[in-house]
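Everything below belongs to upload-v2.txt, which stores compact mmCIF, C-alpha atoms and all ligand atoms.
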```
# COMPACT_ATOMS: atom_id res chain seq x y z
CA MET A 1 3.39 19.71 -0.73
CA LYS A 2 3.92 16.16 0.43
CA THR A 3 1.13 13.61 0.35
CA ILE A 4 0.54 10.98 3.02
CA VAL A 5 -2.02 8.19 2.75
CA ILE A 6 -3.42 7.01 6.08
CA THR A 7 -5.85 4.10 6.30
CA GLY A 8 -8.53 3.95 9.00
CA THR A 9 -8.93 7.71 9.57
CA ARG A 10 -12.58 7.83 10.69
CA LYS A 11 -11.65 7.43 14.37
CA GLY A 12 -8.97 6.24 16.78
CA ILE A 13 -5.25 6.51 16.15
CA GLY A 14 -5.72 7.02 12.39
CA LYS A 15 -7.90 10.09 12.87
CA GLU A 16 -5.49 11.69 15.32
CA MET A 17 -2.56 11.00 13.01
CA ALA A 18 -4.46 12.54 10.09
CA ASP A 19 -5.20 15.67 12.15
CA HIS A 20 -1.54 15.84 13.14
CA TYR A 21 -0.13 15.58 9.62
CA LEU A 22 -2.69 18.06 8.28
CA ALA A 23 -1.52 20.52 10.96
CA GLU A 24 2.06 19.82 9.87
CA GLY A 25 1.19 20.89 6.31
CA TRP A 26 0.82 17.53 4.57
CA GLN A 27 -1.89 16.65 2.08
CA VAL A 28 -3.66 13.74 3.72
CA VAL A 29 -5.66 11.09 1.89
CA GLY A 30 -7.60 8.87 4.27
CA CYS A 31 -10.06 6.02 4.14
CA SER A 32 -12.36 3.91 6.26
CA ARG A 33 -15.48 1.85 5.67
CA GLY A 34 -17.55 4.69 7.09
CA GLU A 35 -17.78 8.26 5.82
CA GLY A 36 -14.94 10.60 6.70
CA SER A 37 -15.01 12.61 9.93
CA ILE A 38 -12.35 15.19 9.03
CA GLU A 39 -13.10 18.51 7.36
CA HIS A 40 -9.98 20.15 5.97
CA ASP A 41 -9.01 21.66 2.62
CA HIS A 42 -6.06 19.30 2.35
CA TYR A 43 -7.95 16.18 3.37
CA GLN A 44 -9.61 13.75 0.99
CA HIS A 45 -11.60 10.74 2.17
CA PHE A 46 -12.42 7.45 0.47
CA ALA A 47 -15.15 5.29 1.96
CA LEU A 48 -13.92 1.77 1.25
CA ASP A 49 -12.93 -1.50 2.81
CA VAL A 50 -9.13 -1.81 2.71
CA SER A 51 -9.46 -5.45 1.63
CA ASP A 52 -11.56 -4.60 -1.46
CA GLU A 53 -8.98 -4.90 -4.24
CA ASP A 54 -10.95 -3.05 -6.93
CA ALA A 55 -11.76 -0.18 -4.57
CA VAL A 56 -8.12 0.17 -3.52
CA ILE A 57 -6.96 0.19 -7.15
CA ALA A 58 -9.57 2.82 -8.03
CA MET A 59 -8.46 4.91 -5.03
CA ALA A 60 -4.85 4.74 -6.21
CA ARG A 61 -5.82 5.88 -9.72
CA THR A 62 -7.81 8.79 -8.29
CA ILE A 63 -4.86 9.84 -6.11
CA LYS A 64 -2.53 9.59 -9.10
CA ALA A 65 -4.81 11.94 -11.05
CA SER A 66 -5.34 14.42 -8.19
CA HIS A 67 -1.99 14.34 -6.35
CA GLY A 68 0.41 12.87 -8.93
CA LYS A 69 2.35 10.87 -6.38
CA VAL A 70 2.38 9.59 -2.80
CA ASP A 71 5.25 10.21 -0.37
CA ALA A 72 4.19 8.11 2.59
CA LEU A 73 1.69 5.44 3.61
CA LEU A 74 0.52 4.62 7.15
CA ASN A 75 -1.22 1.23 7.11
CA ASN A 76 -3.18 1.94 10.27
CA ALA A 77 -6.62 0.42 9.56
CA GLY A 78 -6.97 -2.68 11.67
CA ILE A 79 -9.40 -4.70 13.71
CA ALA A 80 -9.01 -7.00 16.70
CA SER A 81 -11.06 -9.63 18.43
CA MET A 82 -10.54 -10.85 21.94
CA ASN A 83 -11.69 -14.42 22.32
CA HIS A 84 -10.48 -17.87 23.31
CA ALA A 85 -9.25 -19.74 20.24
CA LEU A 86 -11.69 -22.60 20.83
CA LEU A 87 -14.56 -20.12 20.73
CA THR A 88 -13.48 -18.19 17.64
CA PRO A 89 -15.53 -18.73 14.47
CA ALA A 90 -13.78 -18.95 11.11
CA SER A 91 -15.73 -15.89 9.96
CA THR A 92 -13.90 -13.80 12.59
CA VAL A 93 -10.56 -15.25 11.50
CA ASN A 94 -11.29 -14.31 7.89
CA ARG A 95 -12.45 -10.82 8.77
CA ILE A 96 -9.31 -10.07 10.78
CA LEU A 97 -6.97 -11.49 8.17
CA GLN A 98 -8.77 -9.64 5.38
CA THR A 99 -8.49 -6.24 7.05
CA ASN A 100 -5.11 -6.55 8.75
CA VAL A 101 -3.18 -8.63 6.23
CA VAL A 102 -4.90 -8.33 2.85
CA GLY A 103 -5.68 -4.64 3.41
CA THR A 104 -2.11 -3.83 4.43
CA PHE A 105 -0.78 -5.78 1.45
CA LEU A 106 -3.06 -4.09 -1.12
CA PHE A 107 -2.18 -0.62 0.12
CA CYS A 108 1.54 -1.46 0.05
CA ARG A 109 1.20 -2.72 -3.51
CA GLU A 110 -0.86 0.12 -4.94
CA MET A 111 0.79 3.01 -3.06
CA ALA A 112 4.32 1.75 -3.76
CA LYS A 113 3.52 2.27 -7.44
CA LEU A 114 2.64 5.88 -6.68
CA MET A 115 5.89 6.30 -4.74
CA ARG A 116 8.07 5.33 -7.69
CA ARG A 117 8.75 8.91 -8.63
CA THR A 118 9.63 10.16 -5.17
CA GLU A 119 13.14 9.77 -3.82
CA ASN A 120 12.07 8.98 -0.27
CA GLY A 121 9.01 6.72 -0.25
CA ARG A 122 7.94 5.61 3.21
CA ILE A 123 5.64 2.76 4.20
CA ILE A 124 4.80 2.31 7.87
CA ASN A 125 2.75 -0.71 8.92
CA PHE A 126 0.94 -1.25 12.21
CA THR A 127 1.58 -4.26 14.40
CA THR A 128 1.01 -4.73 18.14
CA VAL A 129 2.79 -5.89 21.28
CA ALA A 130 0.19 -8.68 21.45
CA HIS A 131 2.41 -10.57 18.99
CA PRO A 132 5.76 -10.58 20.89
CA LEU A 133 3.91 -11.01 24.22
CA ASN A 134 1.95 -14.03 22.89
CA LEU A 135 -1.17 -12.68 24.56
CA GLU A 136 -3.82 -15.27 25.36
CA GLY A 137 -7.17 -14.40 23.85
CA GLU A 138 -5.56 -12.60 20.92
CA ALA A 139 -4.39 -15.58 18.84
CA ILE A 140 -5.87 -14.44 15.53
CA TYR A 141 -5.19 -10.73 16.02
CA ALA A 142 -1.56 -11.42 17.02
CA ALA A 143 -1.14 -13.91 14.15
CA SER A 144 -2.45 -11.34 11.66
CA LYS A 145 0.08 -8.81 12.94
CA ALA A 146 2.86 -11.41 12.77
CA ALA A 147 1.97 -11.63 9.09
CA VAL A 148 2.17 -7.83 8.84
CA GLU A 149 5.66 -7.93 10.39
CA SER A 150 6.83 -10.57 7.92
CA LEU A 151 5.37 -8.55 5.06
CA THR A 152 7.23 -5.51 6.37
CA ARG A 153 10.59 -7.28 6.38
CA ILE A 154 10.24 -8.79 2.93
CA LEU A 155 8.76 -5.71 1.24
CA ALA A 156 11.65 -3.71 2.73
CA ARG A 157 13.87 -5.78 0.46
CA GLU A 158 11.59 -5.91 -2.58
CA LEU A 159 10.98 -2.15 -2.54
CA ALA A 160 14.53 -1.09 -1.67
CA GLU A 161 15.40 -0.54 -5.31
CA LEU A 162 12.50 1.90 -5.58
CA LYS A 163 14.01 3.80 -2.63
CA ILE A 164 10.99 3.03 -0.47
CA THR A 165 11.59 2.10 3.16
CA VAL A 166 9.13 -0.25 4.85
CA ASN A 167 8.96 -0.35 8.64
CA ALA A 168 6.46 -1.13 11.38
CA ILE A 169 5.38 0.24 14.74
CA GLY A 170 3.96 -1.93 17.50
CA PRO A 171 2.02 0.21 19.98
CA THR A 172 1.11 -0.88 23.49
CA PRO A 173 -2.55 -0.42 24.53
CA ILE A 174 -3.90 3.02 23.68
CA GLU A 175 -7.38 4.15 24.77
CA THR A 176 -9.50 3.65 21.62
CA ASP A 177 -12.57 1.59 20.64
CA LEU A 178 -10.22 -1.22 19.63
CA ILE A 179 -9.46 -2.20 23.23
CA ARG A 180 -12.76 -1.12 24.80
CA GLY A 181 -13.81 -4.71 25.50
CA VAL A 182 -10.61 -5.78 27.26
CA PRO A 183 -11.26 -6.40 31.01
CA GLN A 184 -9.35 -4.14 33.44
CA GLU A 185 -7.41 -6.96 35.12
CA LYS A 186 -6.14 -8.17 31.75
CA MET A 187 -5.10 -4.62 30.92
CA ASP A 188 -3.25 -4.20 34.25
CA ALA A 189 -1.44 -7.50 33.74
CA LEU A 190 -0.42 -6.40 30.27
CA LEU A 191 0.86 -3.00 31.42
CA ALA A 192 2.88 -4.77 34.11
CA ARG A 193 4.81 -6.62 31.40
CA GLN A 194 5.95 -3.38 29.78
CA ALA A 195 9.26 -1.83 30.86
CA LEU A 196 7.36 1.45 31.07
CA GLY A 197 4.05 0.58 32.66
CA ARG A 198 1.77 3.39 31.48
CA MET A 199 -0.94 3.45 28.81
CA GLY A 200 0.28 4.45 25.38
CA GLU A 201 -0.87 7.64 23.71
CA VAL A 202 -1.19 8.59 20.06
CA ARG A 203 1.69 11.03 20.48
CA ASP A 204 3.95 8.04 21.25
CA VAL A 205 2.95 6.54 17.91
CA ILE A 206 3.37 9.84 16.05
CA ASN A 207 6.86 10.23 17.50
CA ALA A 208 7.87 6.87 16.04
CA VAL A 209 6.15 7.61 12.72
CA ASP A 210 8.01 10.94 12.51
CA PHE A 211 11.28 9.11 13.00
CA TYR A 212 10.59 6.74 10.11
CA LEU A 213 9.35 9.61 7.91
CA ARG A 214 12.48 11.72 8.29
CA GLU A 215 14.62 12.03 5.16
CA GLU A 216 17.60 11.03 7.30
CA SER A 217 15.91 7.67 8.02
CA ASP A 218 16.61 6.43 4.48
CA PHE A 219 18.99 3.78 5.87
CA ILE A 220 16.34 2.33 8.18
CA THR A 221 14.11 -0.34 6.68
CA GLY A 222 12.55 -3.67 7.59
CA GLN A 223 12.42 -2.71 11.27
CA VAL A 224 9.70 -3.30 13.83
CA LEU A 225 9.66 -0.83 16.72
CA TYR A 226 7.63 -1.79 19.79
CA LEU A 227 6.69 0.92 22.23
CA GLY A 228 6.76 0.79 26.04
CA GLY A 229 9.91 -1.28 26.29
CA ILE A 230 8.51 -4.49 24.84
CA ASN A 231 10.70 -6.68 22.67
CA MET B 1 16.00 4.39 -12.77
CA ARG B 2 13.24 6.96 -12.42
CA HIS B 3 11.49 7.93 -15.56
CA ALA B 4 9.53 10.86 -16.83
CA ALA B 5 5.77 10.93 -16.49
CA ASN B 6 3.99 9.03 -19.20
CA SER B 7 3.23 11.17 -22.21
CA LEU B 8 0.05 9.24 -22.83
CA ALA B 9 -1.68 11.53 -20.38
CA THR B 10 -3.69 13.37 -22.99
CA LYS B 11 -7.17 11.99 -23.07
CA THR B 12 -10.00 12.97 -25.29
CA ALA B 13 -13.70 12.68 -24.67
CA LEU B 14 -13.88 10.27 -27.59
CA GLN B 15 -11.37 7.89 -26.03
CA ILE B 16 -13.31 7.73 -22.81
CA LEU B 17 -16.62 7.11 -24.52
CA HIS B 18 -15.37 4.17 -26.53
CA MET B 19 -13.67 1.18 -25.00
CA PRO B 20 -10.32 0.74 -26.71
CA ASP B 21 -9.85 -2.13 -29.18
CA ARG B 22 -6.90 -4.50 -29.33
CA THR B 23 -4.90 -2.22 -31.62
CA ALA B 24 -5.31 0.74 -29.27
CA ILE B 25 -4.27 -1.29 -26.23
CA GLN B 26 -1.34 -2.82 -28.04
CA SER B 27 -0.04 0.54 -29.17
CA LEU B 28 -0.35 1.90 -25.64
CA ILE B 29 1.76 -1.03 -24.44
CA LEU B 30 4.29 -0.60 -27.24
CA GLU B 31 4.64 3.07 -26.38
CA SER B 32 5.12 2.26 -22.69
CA VAL B 33 7.77 -0.36 -23.54
CA GLN B 34 9.56 2.13 -25.76
CA MET B 35 9.65 4.81 -23.08
CA LEU B 36 10.86 2.35 -20.48
CA ALA B 37 13.57 1.16 -22.91
CA GLU B 38 14.82 4.74 -23.18
CA ASP B 39 14.89 5.22 -19.41
CA PHE B 40 16.53 1.89 -18.64
CA GLU B 41 18.71 2.00 -21.76
CA LEU B 42 17.54 -1.35 -23.04
CA GLU B 43 18.60 -1.51 -26.69
CA ALA B 44 16.55 -4.63 -27.48
CA LEU B 45 13.32 -2.88 -26.51
CA LYS B 46 13.77 0.46 -28.24
CA ALA B 47 11.79 -0.60 -31.33
CA PRO B 48 9.33 -3.17 -29.94
CA ASN B 49 6.75 -5.17 -31.89
CA PRO B 50 4.02 -7.54 -30.65
CA GLN B 51 6.39 -10.52 -30.53
CA THR B 52 9.15 -8.69 -28.67
CA ALA B 53 10.12 -10.76 -25.63
CA LEU B 54 9.82 -8.84 -22.38
CA TYR B 55 10.29 -10.92 -19.27
CA GLY B 56 11.71 -14.42 -18.73
CA GLY B 57 13.38 -16.47 -21.49
CA ASP B 58 14.83 -14.06 -24.06
CA GLY B 59 13.19 -11.04 -22.46
CA SER B 60 15.45 -8.18 -21.50
CA LEU B 61 13.53 -6.85 -18.50
CA ASP B 62 14.79 -7.59 -15.01
CA SER B 63 12.17 -7.76 -12.26
CA MET B 64 12.54 -4.10 -11.30
CA ALA B 65 12.12 -2.94 -14.91
CA LEU B 66 9.09 -5.23 -15.25
CA VAL B 67 7.51 -3.77 -12.11
CA ASN B 68 8.01 -0.29 -13.52
CA LEU B 69 6.61 -1.25 -16.93
CA ILE B 70 3.49 -2.79 -15.38
CA ALA B 71 2.90 0.28 -13.21
CA ASP B 72 3.43 2.55 -16.25
CA ILE B 73 0.91 0.59 -18.30
CA GLU B 74 -1.66 0.61 -15.48
CA GLU B 75 -1.26 4.39 -15.16
CA ALA B 76 -1.47 4.94 -18.92
CA LEU B 77 -4.65 2.83 -19.13
CA ALA B 78 -6.20 4.94 -16.39
CA GLU B 79 -5.15 8.20 -18.01
CA LYS B 80 -6.00 7.35 -21.59
CA PHE B 81 -9.01 5.07 -21.27
CA ASP B 82 -10.21 5.83 -17.74
CA VAL B 83 -10.05 2.20 -16.62
CA SER B 84 -8.48 1.08 -13.36
CA ILE B 85 -7.09 -2.43 -13.51
CA ALA B 86 -4.16 -4.17 -11.84
CA LEU B 87 -1.97 -6.44 -13.92
CA ALA B 88 -0.94 -8.51 -10.91
CA ASP B 89 -1.04 -12.16 -11.96
CA GLU B 90 -0.65 -15.55 -10.35
CA LYS B 91 1.21 -16.87 -13.40
CA ALA B 92 3.73 -14.03 -13.32
CA MET B 93 6.73 -16.26 -12.74
CA SER B 94 5.71 -19.06 -15.10
CA ALA B 95 7.99 -19.32 -18.15
CA LYS B 96 5.27 -20.72 -20.42
CA ASN B 97 2.15 -18.89 -19.34
CA SER B 98 3.37 -15.64 -17.86
CA PRO B 99 1.32 -12.73 -19.19
CA TYR B 100 4.54 -10.72 -19.12
CA ARG B 101 6.34 -12.87 -21.77
CA ASN B 102 5.90 -10.48 -24.64
CA VAL B 103 3.86 -7.54 -25.87
CA ALA B 104 1.13 -9.75 -27.33
CA SER B 105 0.60 -11.74 -24.12
CA LEU B 106 0.53 -8.51 -22.13
CA THR B 107 -2.10 -7.14 -24.51
CA ASP B 108 -4.19 -10.29 -23.90
CA ALA B 109 -3.85 -9.79 -20.15
CA VAL B 110 -5.10 -6.21 -20.39
CA ILE B 111 -8.05 -7.18 -22.61
CA GLU B 112 -9.00 -9.96 -20.18
CA ARG B 113 -9.21 -7.42 -17.37
CA MET B 114 -11.07 -4.69 -19.23
CA PRO B 115 -14.46 -3.91 -17.69
CA THR B 116 -17.27 -5.19 -19.90
N1 LIG A 301 -5.50 0.96 20.35
C1 LIG A 301 -4.58 0.11 20.71
O1 LIG A 301 -4.44 -0.22 21.88
C2 LIG A 301 -3.63 -0.48 19.69
C3 LIG A 301 -2.50 -1.18 20.16
C4 LIG A 301 -1.62 -1.75 19.25
C5 LIG A 301 -1.86 -1.60 17.89
N2 LIG A 301 -2.96 -0.92 17.46
C6 LIG A 301 -3.15 -0.83 16.01
O2 LIG A 301 -3.37 0.52 15.63
C7 LIG A 301 -4.24 0.56 14.52
C8 LIG A 301 -5.40 1.53 14.78
O3 LIG A 301 -6.14 1.07 15.89
P1 LIG A 301 -7.18 1.97 16.69
O4 LIG A 301 -6.96 1.70 18.12
O5 LIG A 301 -7.15 3.37 16.21
O6 LIG A 301 -8.57 1.26 16.26
P2 LIG A 301 -10.04 1.89 16.13
O7 LIG A 301 -10.21 3.02 17.08
O8 LIG A 301 -10.96 0.72 16.21
O9 LIG A 301 -10.04 2.49 14.65
C9 LIG A 301 -9.86 1.67 13.52
C10 LIG A 301 -9.96 2.51 12.26
O10 LIG A 301 -9.79 1.68 11.12
C11 LIG A 301 -10.94 1.75 10.27
N3 LIG A 301 -11.16 0.43 9.70
C12 LIG A 301 -11.37 -0.74 10.36
N4 LIG A 301 -11.55 -1.76 9.50
C13 LIG A 301 -11.45 -1.22 8.26
C14 LIG A 301 -11.54 -1.75 6.94
N5 LIG A 301 -11.77 -3.06 6.73
N6 LIG A 301 -11.39 -0.92 5.89
C15 LIG A 301 -11.16 0.40 6.10
N7 LIG A 301 -11.05 0.96 7.30
C16 LIG A 301 -11.21 0.15 8.37
C17 LIG A 301 -12.06 2.25 11.18
O11 LIG A 301 -13.07 2.97 10.49
P3 LIG A 301 -14.43 2.25 9.94
O12 LIG A 301 -15.02 1.53 11.09
O13 LIG A 301 -15.26 3.38 9.40
O14 LIG A 301 -13.99 1.31 8.85
C18 LIG A 301 -11.30 3.19 12.10
O15 LIG A 301 -11.14 4.46 11.52
C19 LIG A 301 -4.67 -0.87 14.24
O16 LIG A 301 -3.90 -1.42 13.19
C20 LIG A 301 -4.37 -1.59 15.54
O17 LIG A 301 -4.12 -2.96 15.34
C21 LIG A 301 -3.83 -0.35 18.32
```
Whole structure given in structure tokens:
Amino acid sequence: MKTIVITGTRKGIGKEMADHYLAEGWQVVGCSRGEGSIEHDHYQHFALDVSDEDAVIAMARTIKASHGKVDALLNNAGIASMNHALLTPASTVNRILQTNVVGTFLFCREMAKLMRRTENGRIINFTTVAHPLNLEGEAIYAASKAAVESLTRILARELAELKITVNAIGPTPIETDLIRGVPQEKMDALLARQALGRMGEVRDVINAVDFYLREESDFITGQVLYLGGIN
Amino acid sequence: MRHAANSLATKTALQILHMPDRTAIQSLILESVQMLAEDFELEALKAPNPQTALYGGDGSLDSMALVNLIADIEEALAEKFDVSIALADEKAMSAKNSPYRNVASLTDAVIERMPT
């Protein structure tokens, strides 16, 4: 049985992806700061903050003991904050960078070690169209995801010798708590900039994840795929 | 490139109860080096001792072999002594102070990170 680690599985896109891969017969290991919300024989939850280095290391050791190896990692846990730059406190900046950048990095580092003995390791990071669209009000969120994209491209090279591919997906807005606070007119303006002007759905994300996960995708690494026709 | 699972997996209740001393940690590292040397066919590392150079200078590990060795040692420490530490280090690329210079410096790095 293959094992996939998904961060941020308590709710939102992460939870739906976990449900999907469980239904597809994967062993899923998830995490979030809160307690798990998935009950399944093949699901294991860790309540931790993805930016807590010791907790992430301990999680990796536990997975090594229980599962032996990891085949894929979806670095989905992420937070956003919509605010004018001049009104954004440094504490918010730190919180976003810690979760989105440090968390993504720590999971890449620790899970890559557990992928050494698989022939087809897969790491998939989560970015956003807010970065290529230079969305006003999302300076820190978009900057944190720009860092995730850079990490993706460089790790693709550093981990190539371990036969691990590292790619990213940049969804358009999807109805979750993450975008709850965004005013409707902002949302409409954003959708209007997409080639395909509808709201995104988790199935759109899963479709792109499936593509990266395929064994045949072993020649695809360091790529960032935006949904909805954004580039 | 890939290598067999670490044979240090066997852990006894005694080993978990007592924190390992320097000798125990050093022999775990020596054993990991030896196994890696077999897998990567590195003659110079097949019979290592505490002064055996590993990385940088006269060391015979390239960066990919080093990454594998560090991950092997971290796994072995977890399996044998039930401790989870990461050997990531800011001084990794420093010729003089890198903890990855030789077996002895690597042993120091592990001891430094052991939970007290
Ligand atoms: N929804 C969108 O429109 C959209 C668009 C583009 C990209 N994305 C990206 O997609 C990913 C998922 O977003 P979403 O919409 O599903 O968000 P969401 O509904 O707010 O869910 C976020 C998930 O991450 C967990 N999480 C947050 N901070 C964490 C931390 N520090 N440590 C561990 N877990 C943490 C949350 O659980 P806890 O609260 O229990 O920690 C939750 O399960 C994010 O990376 C986001 O940037 C989303």
How would you report the residues lying within 7 Å of ligand LIG 301 (chain A), as a PyMOL selection string, if you count only C-alpha atoms and all ligand atoms? chain A and resi 7-15+31-35+48-51+76-80+99-100+126-129+170-179
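Counting all atoms listed in the file, Pro115 (chain B) has the following residues at most 9 Å away, ignoring those fewer than 3 positions along the same chain: B:Met19, B:Val83, B:Ser84, B:Ile85, B:Ile111, B:Glu112.
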Counting all atoms listed in the file, which residues of chain B come no farther than 8 Å from chain A, as an mmCIF file with C-alpha atoms, keeping the file's coordinate frame?
```
data_model
loop_
_atom_site.group_PDB
_atom_site.id
_atom_site.type_symbol
_atom_site.label_atom_id
_atom_site.label_comp_id
_atom_site.auth_asym_id
_atom_site.auth_seq_id
_atom_site.Cartn_x
_atom_site.Cartn_y
_atom_site.Cartn_z
ATOM 1 C CA ARG B 2 13.240 6.960 -12.420
ATOM 2 C CA HIS B 3 11.490 7.930 -15.560
ATOM 3 C CA MET B 64 12.540 -4.100 -11.300
ATOM 4 C CA ASN B 68 8.010 -0.290 -13.520
ATOM 5 C CA ALA B 71 2.900 0.280 -13.210
ATOM 6 C CA GLU B 75 -1.260 4.390 -15.160
ATOM 7 C CA ALA B 78 -6.200 4.940 -16.390
ATOM 8 C CA GLU B 79 -5.150 8.200 -18.010
ATOM 9 C CA SER B 84 -8.480 1.080 -13.360
ATOM 10 C CA ILE B 85 -7.090 -2.430 -13.510
ATOM 11 C CA ALA B 86 -4.160 -4.170 -11.840
#
```
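CA of Ile73 (chain B) lies 17.4 Å from CA of Leu42 (chain B).
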Distance CA of Gln223 (chain A)-CA of Met111 (chain A), one decimal place? 19.3 Å
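Using all atoms listed in the file for every distance, the candidate list B:Asp89, B:Tyr55, B:Val110, B:Leu69 yields B:Leu69 as the residue closest to Glu38 (chain B).
Atom pair CA of Met199 (chain A) / CA of Ser150 (chain A) has a distance of 26.3 Å (rounded to one decimal).
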The residue from B:Met35, B:Asp58, B:Pro20, B:Met114 with the smallest atom-to-atom distance to Asp72 (chain B), counting only C-alpha atoms, is B:Met35
Using all atoms listed in the file, determine which residues lie at most 10 Å from Val148 (chain A), disregarding the query and same-chain residues fewer than 4 positions distant; provide the list as a list in words. Asn75, Leu97, Asn100, Val101, Val102, Thr104, Phe105, Asn125, Phe126, Thr127, Thr128, Ala142, Ala143, Ser144, Thr152, Arg153 and Ala168 of chain A
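If you count all atoms listed in the file and ignore residues fewer than 3 places along the chain from Arg22 (chain B), what sits within 9 Å of it is Ile25, Gln26, Ser27, Thr107, Asp108 and Ile111 of chain B.
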Selected residue of minimal separation from Ser98 (chain B) among B:Ala65, B:Ala24, B:Arg113, B:Ala53, counting all atoms listed in the file: B:Ala53
